[in-house]
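Engineer: One structure is given below, represented as structure tokens, and several questions about it will come after.
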Amino acid sequence: VSIVLSIAALALGKSKAYYFYPAMISLLMFGGIWFEQRILENRQWLIYPLAVVLLITGIVLMPLGLAVLPLHSFIRYAHIKEHNTNYRVDCQEFYGGEKVRKTLVAVQSVYDSLPEIERKDCLIWGKHYSQAGEVELFRRTYHLPDAFSYHGSFYLWSPAGSMPNTVIAFTNGEAGIDFFENYFDSVVTVKRVYNPYASFDRDLWQTIYLCRRPRQTFDKLKEDFRLRVFE
């Protein structure tokens with residue numbers, strides 16, 4: 001019943017497929033109880049070979065799902081080959097911290113280059129919720145202003161009223177300069193940050209734009225993105 005209800009709720013919410021993974025935990029718990037009551041009750045000797053199999057497979061598979069090895073040791077362990085100066089590392093935990101640091105250092109350099117009058121009201125637009133989240137988590141470390149986004153839950157926290165004259169925006173390959181040109185009179189590409197470990201081509205580059213003279217208010221933007229939260 002819990003799995004069926006989970007499927008229904010996620011389907012109605014138009015969620016992404018991987019949102020369902022945590023629901024599998026309940027199957028593991030009840031499956032363990034069933035296995036103990038129906039199988040081990042009459043075949044207790046099975047616990048020893050099964051425990052050995054689980055231990056060995058767990059040790060072998062652990063580095064493929066948890067960042068327990070140094071990055072380059074993992075690349076050798078998983079036999080990941082270089083492809084056009086890029087390694088396809090599926091487990092983002094191995095390189096996520098370095099990617100965030102490089103990106104925020106670049107955003108900080110753009111922000112610091114602005115005249116003081118522009119820095120006063122400047123905000124940061126993260127196209128993806130993870131980009132806005134990076135800024136919000138570490139903005140004090142890098143002395144950055146607040147971030148906003150219309151993607152995912154960040155839509156609920158989007159600002160209201162007039163937009164500042166200057167906004168620093170950044171995104172990966174999911175959107176280009178034309179996306180932001182719809183909302184500002186002036187959009188200039190100022191920096192690009194390369195990630196050599198990205199799993200997908202769209203994540204190879206983080207591009208930072210300097211946007212000036214907005215064409216609408218925050219309220220109008222929120223209305224425009226009302227049905228585009230997961231775009």
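Chain lettering (A, B, ...) mirrors the order of the structure tokens, residue numbering begins at 1 for each chain separately, and ligand numbering begins at 1 in order of display.
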For segment 187-189 of chain A, find every residue with an atom within 12 Å (counting only C-alpha atoms), except residues of its own chain fewer than 2 positions away, and show them as JSON, numbers by chain.

Structural biologist: {"A": [107, 110, 165, 166, 167, 168, 169, 170, 171, 176, 177, 178, 179, 180, 181, 182, 183, 184, 185, 191, 192, 193, 206, 207, 208, 209, 210, 211, 212, 213, 214, 215]}

Engineer: Please run DSSP on the backbone and report, as a ChimeraX atom specification, all residues within segment 18-217 of chain A that come out as strand (DSSP E or B).

Structural biologist: /A:82-83,86-87,123-126,147-148,166-171,184-194,205-214

Engineer: With DSSP run on the backbone, what are the alpha helix (DSSP H) residues within segment 2-231 of chain A? I'd like them as a ChimeraX atom specification.

Structural biologist: /A:2-12,24-35,47-65,71-77,96-112,116-119,129-142,177-181,218-224

Engineer: Between A:Tyr111, A:Pro159, A:Asn86, A:His128, single out the one closest to His143 of chain A, counting only C-alpha atoms.

Structural biologist: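 The closest residue to His143 of chain A is A:Tyr111.
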
Engineer: Give me the residues within 12 Å of Ser6 of chain A as a PDB file with N, CA and C atoms, in the first residue's frame, counting only C-alpha atoms and dropping any in the same chain fewer than 5 places off.

Structural biologist:
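That gives us result21.pdb:
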ATOM      1  N   VAL A   1       0.831  -1.206   0.000  1.00  0.00           N
ATOM      2  CA  VAL A   1       0.000   0.000   0.000  1.00  0.00           C
ATOM      3  C   VAL A   1       0.863   1.253   0.000  1.00  0.00           C
ATOM      4  N   ALA A  11       3.432  10.461  -9.226  1.00  0.00           N
ATOM      5  CA  ALA A  11       2.897  10.615 -10.581  1.00  0.00           C
ATOM      6  C   ALA A  11       2.047  11.881 -10.679  1.00  0.00           C
ATOM      7  N   LEU A  12       1.201  12.112  -9.671  1.00  0.00           N
ATOM      8  CA  LEU A  12       0.365  13.309  -9.681  1.00  0.00           C
ATOM      9  C   LEU A  12       1.213  14.573  -9.605  1.00  0.00           C
ATOM     10  N   GLY A  13       2.332  14.501  -8.893  1.00  0.00           N
ATOM     11  CA  GLY A  13       3.234  15.645  -8.782  1.00  0.00           C
ATOM     12  C   GLY A  13       4.174  15.794  -9.955  1.00  0.00           C
ATOM     13  N   SER A  15       6.752  14.086 -10.833  1.00  0.00           N
ATOM     14  CA  SER A  15       8.121  14.068 -10.324  1.00  0.00           C
ATOM     15  C   SER A  15       9.067  13.403 -11.311  1.00  0.00           C
ATOM     16  N   ALA A  17      11.898  10.524 -12.232  1.00  0.00           N
ATOM     17  CA  ALA A  17      11.881   9.091 -11.949  1.00  0.00           C
ATOM     18  C   ALA A  17      12.670   8.736 -10.688  1.00  0.00           C
ATOM     19  N   TYR A  19      13.057  10.269  -7.994  1.00  0.00           N
ATOM     20  CA  TYR A  19      12.432  10.631  -6.722  1.00  0.00           C
ATOM     21  C   TYR A  19      11.808   9.408  -6.052  1.00  0.00           C
ATOM     22  N   PHE A  20      11.572   8.358  -6.840  1.00  0.00           N
ATOM     23  CA  PHE A  20      10.933   7.167  -6.306  1.00  0.00           C
ATOM     24  C   PHE A  20      11.894   6.298  -5.507  1.00  0.00           C
ATOM     25  N   TYR A  21      13.193   6.477  -5.686  1.00  0.00           N
ATOM     26  CA  TYR A  21      14.158   5.583  -5.047  1.00  0.00           C
ATOM     27  C   TYR A  21      13.972   5.442  -3.529  1.00  0.00           C
ATOM     28  N   PRO A  22      13.789   6.537  -2.780  1.00  0.00           N
ATOM     29  CA  PRO A  22      13.636   6.370  -1.320  1.00  0.00           C
ATOM     30  C   PRO A  22      12.443   5.514  -0.923  1.00  0.00           C
ATOM     31  N   ALA A  23      11.415   5.462  -1.781  1.00  0.00           N
ATOM     32  CA  ALA A  23      10.258   4.629  -1.456  1.00  0.00           C
ATOM     33  C   ALA A  23      10.642   3.151  -1.396  1.00  0.00           C
ATOM     34  N   MET A  24      11.720   2.776  -2.070  1.00  0.00           N
ATOM     35  CA  MET A  24      12.159   1.380  -2.073  1.00  0.00           C
ATOM     36  C   MET A  24      12.642   0.932  -0.704  1.00  0.00           C
ATOM     37  N   ILE A  25      12.964   1.875   0.169  1.00  0.00           N
ATOM     38  CA  ILE A  25      13.447   1.500   1.504  1.00  0.00           C
ATOM     39  C   ILE A  25      12.418   0.660   2.237  1.00  0.00           C
ATOM     40  N   SER A  26      11.125   1.009   2.080  1.00  0.00           N
ATOM     41  CA  SER A  26      10.090   0.239   2.770  1.00  0.00           C
ATOM     42  C   SER A  26      10.042  -1.199   2.250  1.00  0.00           C
ATOM     43  N   LEU A  27      10.313  -1.395   0.950  1.00  0.00           N
ATOM     44  CA  LEU A  27      10.348  -2.757   0.412  1.00  0.00           C
ATOM     45  C   LEU A  27      11.505  -3.548   1.021  1.00  0.00           C
TER      46      LEU A  27
END

Engineer: For Gln92 of chain A, please output as a PyMOL selection string all residues within 9 Å (counting only C-alpha atoms; exclusion window: fewer than 2 positions along the same chain).

Structural biologist: chain A and resi 67+89-90+94-97+197-199

Engineer: Quick one: of A:Glu98, A:Phe35, A:Cys91, A:Arg226, who's nearest to Ser158 of chain A, counting only C-alpha atoms?

Structural biologist: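 Of all the options, A:Arg226 lies closest to Ser158 of chain A.
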
Engineer: For a quick check of understanding, using only C-alpha atoms, which of A:Ala160, A:Ser113, A:Leu71, A:Arg88 has the smallest distance to Asp203 of chain A?

Structural biologist: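 Counting only C-alpha atoms, the residue closest to Asp203 of chain A is A:Arg88.
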
Engineer: Report the distance between atom CA of Gly126 of chain A and atom CA of Tyr150 of chain A in Å, rounded to one decimal place.

Structural biologist: 8.3 Å

Engineer: With only C-alpha atoms as the atoms that count, which of A:Ser153, A:Ser186, A:Asn84, A:Ser162 lies nearest to Asp201 of chain A?

Structural biologist: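 Closest residue, counting only C-alpha atoms: A:Asn84.
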
Engineer: Which is closer to Ser109 of chain A than all the others in A:Val190, A:Leu221, A:Leu156, A:Val60, using only C-alpha atoms?

Structural biologist: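 Between A:Val190, A:Leu221, A:Leu156, A:Val60, the residue approaching Ser109 of chain A most closely is A:Val190.
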
Engineer: For Thr141 of chain A, which residue out of A:Val105, A:Ala9, A:Val68, A:Leu55 is the nearest one, using only C-alpha atoms?

Structural biologist: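 The shortest atom-to-atom distance to Thr141 of chain A comes from A:Val105.
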